[in-house]
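Input: a single structure, listed below in structure tokens.
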Amino acid sequence: MHGIHLTIVLAPLAAAIVAGLFGRQIGRAGAHWITNLAVGSSFVLSAMVLKHLYLDGGQAENYSLYTWAVSEGLRMEVGFLVDRLTALMMVVVTFVSWMVHIYTIGYMHDDPGYQRFFSYISLFTFAMLMLVMSNNFLQLFFGWEAVGVVSYLLIGFWFKRETAIFANLKAFLVNRVGDFGFILGIAGVVMFTNSLDYATVFASAGSIAAQSVEVLPGIPWNAMTLICILLFIGAMGKSAQAPLHVWLPDSMEGPTPISALIHAATMVTAGIFMVARMSPLFELSETALAVVLTIGAITAFFMGLLGIVQNDIKRVIAYSTLSQLGYMTVALGVSAYSAAIFHLMTHAFFKALLFLGAGSVIIAMHHEQDIRKMGGLRKYMPITYWTAVIGTLALIGFPGTSGFFSKDALIEAVRESHWHGQGAVYWIAYLSVVLGVFVTALYSFRMFFLVFHGEERMDKETKSHLHESPWVVTVPLILLAIPSAIIGWFTIEPVLFGGFFGEAIRVTSEHDVLARIGETFHGSWEFIVHAVTAGPAVYLALAGALTAWFLFLKRPDLPEKWAEKFSGVYNLLDRKYYFDDLYIKGFAAGGRRLGLFLWKSGDELVIDGMMVNGTARSIGRFASVLRRVQTGYLYHYAFAMFFGLTLILAWLLWA
Amino acid sequence: MDLTTNMLSVLIWLPIFGGIAVVLLGDGRDASSGRAVQMRWLALGISLLTFIMSTGLYYSFDTSTAAMQFVERAPWISAFNVEYYLGVDGISAPLILLTTFITPLVIISSWDTIKSRPAQYFAAFLILEGLMIGVFSALDGVLFYVLWEAMLVPMFLIIGIWGGERRIYATLKFFLYTFLGSVLMLVAFIYLYNKTGNFNFFSFMDVQLSLKEQQLIFIAFLLAFAVKVPMWPVHTWLPDAHVEAPTGGSVVLAAIMLKMGGYGFVRLSLPMLPDGSEYFSGMMIALSLIAVVYIGFVALMQKDMKKLIAYSSIAHMGFVTLGFFLLWSTAGGSGAELGMTGGMVQMISHGLVSGAMFLCVGVLYDRVHSRQIADYGGVANTMPKFAAFMVLFALANAGLPGTSGFVGEFMVIIASFKANFWFAFLAASTLILGAAYTLWMVKRVIYGEVANKNVANLLDLERREFVVLGILALAVLLVGLWPAPLVDMMSVTVQELLKHVSQSKLAGL
């Protein structure tokens, strides 16, 4: 299997190098063929790996490829851990990536940076695979930063646009704030275990939890809590959790295919994956889990609200992504790691589908992204429309769709999580995810209705050119729509209740909410029936959709009136809770002012002005005195010599 | 001649005599004369030969011993027991390799950009190369000091003759700062000579010194080395020197000469003055962290690309001194080896990355004759190949894993976490600050619409420039993806050094 693993990783890398360095030689077709072939092969091989591990009962593999460096007994290695968790991620990543590769042939058709784009997305696939397949923290961090860099390059792909290069710098820096915590977390792991290897670290998890550190003198902290919170700060950056979420909406400046691949399906879920992978650590700190739960809940609900007031089709989906990532984080917070990964998987399919659908709409609309200028596209773009129906239903959790299974299981898990029950955290989380269902349905159907139904609000010129996108665009839509619709039905039982992940995810028995839900689970059909008869979620989703229908199709005059009437609330949402203002006018401007102050006052005034040039001036003054002594008159020198000799003689005699 | 016994002498004197030959043979001031062309080929040939010979240093290097290798020893000034004593270990060998690697690249990069007195220019770099290799291999105090000071002369000339408008101010500042610092080092050597009767570094290491003596000698050394590193607050000569230096001068200054300071700490201060070092270690860590954070903010606001990279150098060198002085803050020395190795890897990496960054600025300067960020914008439109290199080196400068810039920082951050959470906290802020100042510059220079006519008329890299940047890019990636050979070269020497440093000299008194 080792050869297969290596091929899966290296094929996209090789393709990226060829397309990137020899783009001119191989031409546009060469670039898309080689990258598609590479990523397609990676997908097929990844599927084989998953089959081997799941259906054929193959063993998980954990091995080192090469030693990066060794110092002080700390082995820093590059290696793979391929278990079912990894294999599932590999399949999701390579599948979505491949779909995006095909789609890009159509979407970027006229772009002069065609080869560069293919090179980047293949490179991204390589980096993401390195991240999920890693068996140690060093390589995890490598993949973590590498996907961040490719994201940086891709958000700024159209580097002439001022907004794009602002967004990519912002994305990188906010991610770096997360990575700042992440690297400290890794350093903490090394401090207590002297190892970077997952298996070794997990084996000594108990001993970490038994120790304490004093970050502030006199206040002992549980070492595990500190490490987990630091690691989670990394996840907050990468998976865009409040308050480090601000980069994701702006990342929509990048071309749509990468919004689907990186900023919806794969990279942003790296944080979720990481925490699930670290379950043996997080399980040992309820404080850290409570932090995870709170952050997730806040993100899930409040970011969803922002989706309601956005008018850019991609930004609506971006806020939806934030909210859904919040859902996954909530699941992590209640130790339902499998549910988080399950939602990660279904979300990857339906959110990539929605983004690619939005891209298809954007092509048809000649790069108009304002949903207020769309409407009635249903009849012009049937394939895009029907796949969007599936994607939207999956997103709101319509019974039977993939999103329904994953989201409903997740909500159930939160409800079952009684071990958080003492605190307010539990109630906040539960309310957030339940009310979030209504919000999700509201913004999803608002967008859906404004784009595909109702009045045709585009200009005549655009309207005359409206047509369905070419097959390279629609085929990926269809291929993504299929799993979005049905995959939940087949996978919920093994993934959540059947011990699919085995040893990869560890949950202590008192935290194991999924096991408790599993006791009453009797198949997918029963699960649907139960949700429809018992849960509020399904009805809240329905209510959200109906509200959207009423407000945006039936009475489209109302939203504007309400926006004026409740302008305080509206502005709060429109300005995104003023986070950007705080960061840009507060932190960024403050940092620049501090830099200017240190430079002008510290370096130039104090150090150079007083110390260096001051010394130089003093020397200069001394020298000018000396110069006066050097008169050139012989008798002056003679006198000086005489005087000096007398002094020396006197000193010698006295001493 | 057996190369392994005379290897170091060859590496020192080949470029020095080569440089002298270039000066003597080269005549005119005219860069286009046939003679000038021959001279630069000769200079390149000598530097390449030196590099090829130095690879022998790598292949014949025994990584299993901390003892000095390639030792050469002969009396020099018998009256004072001064010796011509050379040798390398895992600390100095990588630095010599860095020197021989960078010098040919510098010569190629200055190929036809130096219009006046090209022969003398190339000769200065060759002589400088020999002297720097000498500093890294000298094991005798006088020899070390002579080479250390002699090294200043060619650099002084490079900045003073081929530098920018304010070159006189910059050279004076550079000379006074570094000269004042190193004079005290000589005083310290003479003091130690009075105790031991010779200038041998090993007898300096073995001699018993009281705490007071160690403190005073530490301060004398500190002034010499801190200026070179440079550490906050004696760093302000560096931005000025860089701004006025020609590209090649900046590259050598950043890539190699700054390493002299770090090298001095590990070769002299730490093993000779373990208790003095311990006494001042808290201060050293504090100054290092100030360099990382304070200078990081200052770098953010620079308007001149060379100044920005110069400040970024100071911040990165902060990791070097931080890693070196962690030993006494860690519990039971855990993390000390990691920190020291990290600091040394950081020196090598900084040599590659900062050298590459200065070359990138040089490429732009050769075309537009401006170093101001504001004079650029949208360079990627007209120079895509250059943009790719610049972004790669910028990311390396920001410590991206997979590039050399990450390796040392990672090791030092891990080591400092073992010492104190807040050390690591402040050190790790470089992840944010380093990315902010580097990538903000990239945004303003490389990305965006074509800003003005100069940018619109830019021509992409010539083959010569492409080769130089390409080689550096490969080196940056190689060290980033597989630092093991470099780390293995150092590790036994570092262990031995730590053993030495953790033995107090006060016990015997």
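To be explicit about the labels: the chains of the structure tokens are called A, B, and onward in the order shown, and within each one the residues are counted from 1, while ligands get numbers from 1 in the order they are shown.
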For the interface of chain B with chain A (cut-off 8 Å, counting only C-alpha atoms), please tabulate each contacting residue of chain B alongside its nearest pair of atoms and their separation in Å to one decimal, rows sorted by chain and increasing number, as a Markdown table.
```
| residue | atom | partner | partner_atom | distance |
| --- | --- | --- | --- | --- |
| B:Pro233 | CA | A:Ile607 | CA | 6.9 |
| B:Val234 | CA | A:Ile607 | CA | 7.9 |
| B:Thr236 | CA | A:Asp608 | CA | 6.8 |
| B:Tyr294 | CA | A:Leu598 | CA | 7.1 |
| B:Gly296 | CA | A:Gly595 | CA | 7.9 |
| B:Phe297 | CA | A:Gly595 | CA | 4.2 |
| B:Val298 | CA | A:Gly595 | CA | 4.4 |
| B:Ala299 | CA | A:Gly595 | CA | 7.3 |
| B:Leu300 | CA | A:Gly595 | CA | 6.3 |
| B:Met301 | CA | A:Gly595 | CA | 5.9 |
| B:Gly335 | CA | A:Glu72 | CA | 7.4 |
| B:Glu337 | CA | A:Glu72 | CA | 5.7 |
| B:Leu338 | CA | A:Ser71 | CA | 5.7 |
| B:Thr341 | CA | A:Ser71 | CA | 7.5 |
| B:Gly378 | CA | A:Lys160 | CA | 7.0 |
| B:Leu400 | CA | A:Glu145 | CA | 6.9 |
| B:Pro401 | CA | A:Phe142 | CA | 5.1 |
| B:Gly402 | CA | A:Phe142 | CA | 6.7 |
| B:Ile413 | CA | A:Ala187 | CA | 7.0 |
| B:Ile414 | CA | A:Ala187 | CA | 4.5 |
| B:Ala415 | CA | A:Ala187 | CA | 7.8 |
| B:Phe417 | CA | A:Ala187 | CA | 6.1 |
| B:Lys418 | CA | A:Met191 | CA | 5.5 |
| B:Phe421 | CA | A:Val215 | CA | 6.3 |
| B:Trp422 | CA | A:Val215 | CA | 7.7 |
| B:Ala424 | CA | A:Leu184 | CA | 7.0 |
| B:Phe425 | CA | A:Leu184 | CA | 7.1 |
| B:Ala428 | CA | A:Phe180 | CA | 6.0 |
| B:Ser429 | CA | A:Phe180 | CA | 6.7 |
| B:Leu431 | CA | A:Phe180 | CA | 6.1 |
| B:Ile432 | CA | A:Arg176 | CA | 5.5 |
| B:Ala435 | CA | A:Leu173 | CA | 6.8 |
| B:Ala436 | CA | A:Leu173 | CA | 6.6 |
| B:Leu439 | CA | A:Leu169 | CA | 7.0 |
| B:Trp440 | CA | A:Leu169 | CA | 7.2 |
| B:Lys443 | CA | A:Ile165 | CA | 6.6 |
| B:Tyr447 | CA | A:Phe159 | CA | 5.4 |
| B:Gly448 | CA | A:Lys160 | CA | 4.1 |
| B:Glu449 | CA | A:Lys160 | CA | 4.6 |
| B:Val450 | CA | A:Lys160 | CA | 8.0 |
| B:Leu481 | CA | A:Trp68 | CA | 7.1 |
| B:Trp482 | CA | A:Trp68 | CA | 5.2 |
| B:Pro483 | CA | A:Ala69 | CA | 5.9 |
| B:Ala484 | CA | A:Ala69 | CA | 4.2 |
| B:Pro485 | CA | A:Ala69 | CA | 7.9 |
| B:Val487 | CA | A:Ala69 | CA | 6.5 |
| B:Asp488 | CA | A:Val70 | CA | 7.5 |
| B:Ser491 | CA | A:Ser71 | CA | 6.9 |
```
Show me a table, sorted first by chain and then by increasing residue number, of the residues of stretch 218-328 of chain B having an atom at most 10 Å from stretch 140-152 of chain B, each with its shortest atom pair and the distance in Å to one decimal, counting only C-alpha atoms and written as JSON lines.
```
{"residue": "B:Met257", "atom": "CA", "partner": "B:Met151", "partner_atom": "CA", "distance": 8.9}
{"residue": "B:Met260", "atom": "CA", "partner": "B:Trp148", "partner_atom": "CA", "distance": 8.6}
{"residue": "B:Leu268", "atom": "CA", "partner": "B:Gly141", "partner_atom": "CA", "distance": 9.7}
```
Just to be explicit: take each residue in the selection above, keep all heavy atoms, and write the result as a compact mmCIF listing (two decimals), in the first residue's frame.
```txt
# COMPACT_ATOMS: atom_id res chain seq x y z
N MET B 257 28.32 38.01 6.92
CA MET B 257 29.01 38.78 7.96
C MET B 257 28.23 38.85 9.26
O MET B 257 28.81 38.87 10.35
CB MET B 257 29.33 40.18 7.45
CG MET B 257 30.51 40.15 6.50
SD MET B 257 31.06 41.78 6.05
CE MET B 257 32.30 42.08 7.26
N MET B 260 28.99 36.22 11.82
CA MET B 260 30.19 36.31 12.64
C MET B 260 29.82 36.53 14.10
O MET B 260 30.44 36.00 15.00
CB MET B 260 31.05 37.50 12.19
CG MET B 260 31.49 37.44 10.76
SD MET B 260 32.73 36.18 10.59
CE MET B 260 32.86 36.07 8.83
N LEU B 268 33.28 31.54 21.27
CA LEU B 268 34.04 32.17 22.34
C LEU B 268 33.24 32.32 23.63
O LEU B 268 33.56 31.70 24.64
CB LEU B 268 34.55 33.55 21.88
CG LEU B 268 35.45 33.54 20.65
CD1 LEU B 268 35.72 34.95 20.19
CD2 LEU B 268 36.77 32.86 20.97
```
TODO: Give the answer as one residue: which of B:Gly26, B:Gly282, B:Gly181, B:Pro271 has the shortest atom-to-atom distance to B:Thr493, using only C-alpha atoms?
DONE: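 Using only C-alpha atoms, B:Thr493 sits closest to B:Pro271.
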TODO: DSSP on the backbone, then: every residue of stretch 271-520 of chain A marked alpha helix (DSSP H), written as a PyMOL selection string.
DONE: chain A and resi 271-277+279-282+286-309+313-333+337-364+382-396+402-416+424-452+460-465+471-492+513-519
Open item on the list: Between atom CA of A:Arg415 and atom CA of A:Tyr577, what is the distance in Å, rounded to a tenth?
Closed with: 28.4 Å
